[in-house]
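Please read the structure below before turning to the comments.
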Amino acid sequence: MSTRKLTGSANNPQIRRRYRAEKRFKAYCIGAVSIAFAIIIAFFTDIISQGYTAFWQYQVQVTIDYNDRAERLGQFALDRDMREVASRGATRSIPRAIDRNPDLLGTTEERWVPVKAEIDQYLKHGRDILEAKHEEVAAAPELPDKLRKKVDALIDEGRIESAFNTRFFTTGDSKLPELAGIFSAAVGTLYVLGITLLCAFPIGVMSAIYLEEFAPDNKLTQTIEVNINNLAAVPSIIFGLLGLALFINFFGVPRSSALAGGLTLGLMTLPIIIISTRAALRAVPDPIRQGAFAMGCSRWQVVRDHVLPSSLPGILTGTIIGLAQAMGETAPLIIVGMIAYIPEAPSGVFEAATVLPAQVFTWASEPEQAYVEKTAAGIMVLLAVLLTLNATAVFLRRKFERRW
Amino acid sequence: MYSEATTEPPETTESVTPMTGQPETSAPAQTAGTADKNVKVKAENVNLWYDKTQALHDLDLNIYENEVTALIGPSGCGKSSFLRCLNRMNDLIPSVRIQGQITLDGEDIYHPDVDVVQLRSNVGMVFQKPNPFPKSIYENIAYAPRLHGIVNGRRDLDELVEHSLKRAGLWREVSDRLQTPGTALSGGQQQRLCIARAIAVNPEVILMDEPASSLDPLATATIEELIDELKDRYTIAIVTHNLQQAARVAGYTAFFHMGEIVEFNDTDTLFTNPREQKTEDYITGRYG
């Protein structure tokens, strides 16, 4: 009897149907995961394949001739041939150098300087394709024949070489793509996040502690709760408008400054920190509080000695996630003017600044082809920083998590 | 969510109305044979409401010094609610309202001038589920004495920790790993750690809310032996669902039913010769 009951499912249509349904459902789920994964892979492949070239740059060896014409215009320090090849930006500082040190006049100097962006692009993307196919490729960057021959000759002489592009990490934005870097945007991001953290963390954590541990459960606190949850879902551009109206127009914070951006992002991050902190506090088991109260702790002592230490990893994780979100935010910063062209890194929070995602946005809207790889490289840097932040959050949670 | 600060007498007393009971009717069902005993905790006309629902009705109960008093009764009969009145843990629940008088050595514990912190360091509590703090074994014990300034210096504290663990019968098992987390101990050990934690502040009364209900029989037996030893120094009130446990450890037993004390007597009499039919039904398993 019992064997007949438990076996023979292959013949039972109902059981067969159940198995099939289960397999089908599993297949759908695997399909969904695959799609998500494929999208991520495609995204990374695209960004990396477009952007990795930005980390290298072709340089040309030039002779700088400190003559009296170069004292007025740096370009004249190069001979006519090289002016076509070397970046215009490379000789900008020569008049000032002569001004500062007149002894340079009459001397010469060998120096490696970046090539012009279009030559860089040609060497990176055009030359190999053209040589391999021995025919015209429509999309490949091209140079006028005369210039191309000159560049080819310079390469044969060993006077044009590819090198790691340190400039990308040490300079700010530039109208010359070969000189543009993310340094000033990175500094701006640092200032903005610092201000965001300073204003959102204490206020957020204190509010959460009050609401979770001290506040009476009445109409008023319930209203506040609902509104905080709603605030977290408000589109970020609204926070930008609020920041513009409140900080810039009302309090007179300088437009485009890291302070304006940081305060605005602080507003945006505040509800995220409050919500995640409350979740972390709520995750502390109530018996711990009861035990502490029964030992004669006041409410503040319970919070300070038992609830906070236990919930700290959760609070920090939530804060980092909130900051990471703020860091990737562009819309509210456009409203407060942080999309500006910033060639020099800001030296204070009141100065005009820009941030990484805004820099990416700026580059993405430039027409020159050389900015395409800059855009992708900027995204890669942004992603690297975000991944680092999130990894830190995971690390903190793992390290300090307590088990009950 | 908690709502009221518990350390400020003016706030905590809002939930307590002045005593309304008449003293002359307040010691009825007590039995003979207790006259020579010293009453440690005296509850008179205690009424308790959760919002509009009344959970305790005119309770009177004497808890005698250096005795174990068991509170038994079916679930939801108010034993735990009553126990939590004795160290004012109910203050933490905003919807609770308490009427009547509870005295510790003749002192009204709900008097506006009473500091709950002091009350709770005199009336310790052990919970149903072991709830050691997520700190080391040492810190679990040392925390409260340090907080209340009971000890001076590291040496005193070390001594107190050892003393408390010894009295809770845990010292032998943990003396070589005091810095390990208290939460890493077994359930029975955790519960004894909680008892050690409670006696570290040298209370006079220890309240136990089903202290062995989440433990296996062996750990339960250890806890029961411990309770028996502790009664020489402390007054103990224990809520239990385990009637045999009440019979084994308690000198006195109160049978609760529907928020009232049906019968209170010394344990032997209550279990062998109950006065009330309801009590008999309950202890013989016909009811509850």
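Ordering of the structure tokens sets the chain letters (A, B, ...); residue numbers start at 1 within each chain; ligands are numbered from 1 in the order shown.
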(request) Could you give me, as a ChimeraX atom specification, the residues within 8 Å of Val151 of chain A, counting only C-alpha atoms and dropping anything in the same chain fewer than 6 positions from it? (result) /A:85,119,160
Contacts of chain B with chain A up to 10 Å, shortest pair per row, only C-alpha atoms, as JSON lines:
```
{"residue": "B:Met1", "atom": "CA", "partner": "A:Glu212", "partner_atom": "CA", "distance": 6.2}
{"residue": "B:Tyr2", "atom": "CA", "partner": "A:Glu213", "partner_atom": "CA", "distance": 6.0}
{"residue": "B:Ser3", "atom": "CA", "partner": "A:Pro216", "partner_atom": "CA", "distance": 3.8}
{"residue": "B:Glu4", "atom": "CA", "partner": "A:Pro216", "partner_atom": "CA", "distance": 6.8}
{"residue": "B:Ala5", "atom": "CA", "partner": "A:Arg299", "partner_atom": "CA", "distance": 6.4}
{"residue": "B:Thr6", "atom": "CA", "partner": "A:Ser298", "partner_atom": "CA", "distance": 6.5}
{"residue": "B:Thr7", "atom": "CA", "partner": "A:Ser298", "partner_atom": "CA", "distance": 5.7}
{"residue": "B:Glu8", "atom": "CA", "partner": "A:Ser298", "partner_atom": "CA", "distance": 9.2}
{"residue": "B:Arg84", "atom": "CA", "partner": "A:Ala294", "partner_atom": "CA", "distance": 9.8}
{"residue": "B:Asn87", "atom": "CA", "partner": "A:Ala294", "partner_atom": "CA", "distance": 7.6}
{"residue": "B:Arg88", "atom": "CA", "partner": "A:Ala294", "partner_atom": "CA", "distance": 8.9}
{"residue": "B:Met89", "atom": "CA", "partner": "A:Ala294", "partner_atom": "CA", "distance": 7.1}
{"residue": "B:Leu92", "atom": "CA", "partner": "A:Phe293", "partner_atom": "CA", "distance": 8.9}
{"residue": "B:Pro94", "atom": "CA", "partner": "A:Pro216", "partner_atom": "CA", "distance": 7.9}
{"residue": "B:Asp115", "atom": "CA", "partner": "A:Gly296", "partner_atom": "CA", "distance": 9.6}
{"residue": "B:Val116", "atom": "CA", "partner": "A:Gly296", "partner_atom": "CA", "distance": 7.1}
{"residue": "B:Val117", "atom": "CA", "partner": "A:Gly296", "partner_atom": "CA", "distance": 4.3}
{"residue": "B:Gln118", "atom": "CA", "partner": "A:Gly296", "partner_atom": "CA", "distance": 6.8}
{"residue": "B:Leu119", "atom": "CA", "partner": "A:Gly296", "partner_atom": "CA", "distance": 7.7}
{"residue": "B:Arg120", "atom": "CA", "partner": "A:Gly296", "partner_atom": "CA", "distance": 5.0}
{"residue": "B:Ser121", "atom": "CA", "partner": "A:Gly296", "partner_atom": "CA", "distance": 5.5}
{"residue": "B:Asn122", "atom": "CA", "partner": "A:Gly296", "partner_atom": "CA", "distance": 9.0}
{"residue": "B:Val123", "atom": "CA", "partner": "A:Ala294", "partner_atom": "CA", "distance": 8.3}
{"residue": "B:Gly124", "atom": "CA", "partner": "A:Ala294", "partner_atom": "CA", "distance": 6.4}
{"residue": "B:Met125", "atom": "CA", "partner": "A:Ala294", "partner_atom": "CA", "distance": 5.9}
{"residue": "B:Val126", "atom": "CA", "partner": "A:Gly291", "partner_atom": "CA", "distance": 7.9}
{"residue": "B:Phe127", "atom": "CA", "partner": "A:Gly291", "partner_atom": "CA", "distance": 7.7}
{"residue": "B:Gln128", "atom": "CA", "partner": "A:Pro287", "partner_atom": "CA", "distance": 9.5}
{"residue": "B:Lys129", "atom": "CA", "partner": "A:Pro287", "partner_atom": "CA", "distance": 7.9}
{"residue": "B:Pro130", "atom": "CA", "partner": "A:Pro287", "partner_atom": "CA", "distance": 8.4}
{"residue": "B:Asn131", "atom": "CA", "partner": "A:Pro287", "partner_atom": "CA", "distance": 5.9}
{"residue": "B:Pro132", "atom": "CA", "partner": "A:Ile288", "partner_atom": "CA", "distance": 7.2}
{"residue": "B:Phe133", "atom": "CA", "partner": "A:Ile288", "partner_atom": "CA", "distance": 6.2}
{"residue": "B:Pro134", "atom": "CA", "partner": "A:Trp404", "partner_atom": "CA", "distance": 7.0}
{"residue": "B:Lys135", "atom": "CA", "partner": "A:His306", "partner_atom": "CA", "distance": 9.0}
{"residue": "B:Tyr143", "atom": "CA", "partner": "A:Met295", "partner_atom": "CA", "distance": 9.1}
{"residue": "B:Ala144", "atom": "CA", "partner": "A:Met295", "partner_atom": "CA", "distance": 6.3}
{"residue": "B:Pro145", "atom": "CA", "partner": "A:Met295", "partner_atom": "CA", "distance": 9.3}
{"residue": "B:Leu147", "atom": "CA", "partner": "A:Cys297", "partner_atom": "CA", "distance": 8.0}
{"residue": "B:His148", "atom": "CA", "partner": "A:Gly296", "partner_atom": "CA", "distance": 8.3}
{"residue": "B:Pro181", "atom": "CA", "partner": "A:Arg403", "partner_atom": "CA", "distance": 9.8}
{"residue": "B:Gly182", "atom": "CA", "partner": "A:Trp404", "partner_atom": "CA", "distance": 9.5}
{"residue": "B:Thr183", "atom": "CA", "partner": "A:Trp404", "partner_atom": "CA", "distance": 6.1}
{"residue": "B:Ala184", "atom": "CA", "partner": "A:Trp404", "partner_atom": "CA", "distance": 8.4}
{"residue": "B:Cys194", "atom": "CA", "partner": "A:Gly291", "partner_atom": "CA", "distance": 8.6}
{"residue": "B:Arg197", "atom": "CA", "partner": "A:Met295", "partner_atom": "CA", "distance": 8.2}
{"residue": "B:Ala198", "atom": "CA", "partner": "A:Met295", "partner_atom": "CA", "distance": 6.9}
{"residue": "B:Ile199", "atom": "CA", "partner": "A:Met295", "partner_atom": "CA", "distance": 9.8}
{"residue": "B:Ala200", "atom": "CA", "partner": "A:Met295", "partner_atom": "CA", "distance": 9.7}
{"residue": "B:Val201", "atom": "CA", "partner": "A:Met295", "partner_atom": "CA", "distance": 8.1}
{"residue": "B:Pro203", "atom": "CA", "partner": "A:Met295", "partner_atom": "CA", "distance": 10.0}
{"residue": "B:Leu207", "atom": "CA", "partner": "A:Ala294", "partner_atom": "CA", "distance": 9.9}
```
(message) Residues of segment 24-265 of chain B classed as strand (DSSP E or B) by DSSP on the backbone are to be reported as a PyMOL selection string.
(response) chain B and resi 39-50+53-64+68-72+96-104+107-108+123-126+136+181+205-209+235-239+252-257+260-265
(message) Report, in Å with one decimal, the straight-line distance from atom CA of Gly106 of chain B to atom CA of Tyr64 of chain B.
(response) 12.5 Å
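Across the structure, atom CA of Leu383 of chain A and atom CA of Glu368 of chain A are spaced 23.5 Å apart.
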(message) When you count only C-alpha atoms, which of these residues is closest to Ala196 of chain B: B:Tyr138, B:Ser214, B:Arg248, B:Thr180?
(response)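 Of all the options, B:Tyr138 lies closest to Ala196 of chain B.
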(request) For segment 254-262 of chain A, work out the shell of residues within 10 Å, counting only C-alpha atoms and skipping chain neighbours fewer than 4 positions away, then give it as a ChimeraX atom specification. (result) /A:187-200,240,243-244,246-249,266-268,326-327,330,332-340,346,348-355
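When only C-alpha atoms are used to compute distances to Ile283 of chain B, the closest of the residues B:Asn202, B:Ser81, B:Asn242, B:Asn38 turns out to be B:Asn242.
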(request) Could you tell me, as a ChimeraX atom specification, which residues of segment 70-270 of chain A DSSP assigns to alpha helix (DSSP H) when given the backbone? (result) /A:80-85,94-100,117-121,127-133,145-157,167-170,183-209,219-232,236-243,258-270
(request) Give me, please, the distance in Å between atom CA of Gly172 of chain A and atom CA of Tyr341 of chain A, quoted to one decimal. (result)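 Interatomic distance here is 9.2 Å.
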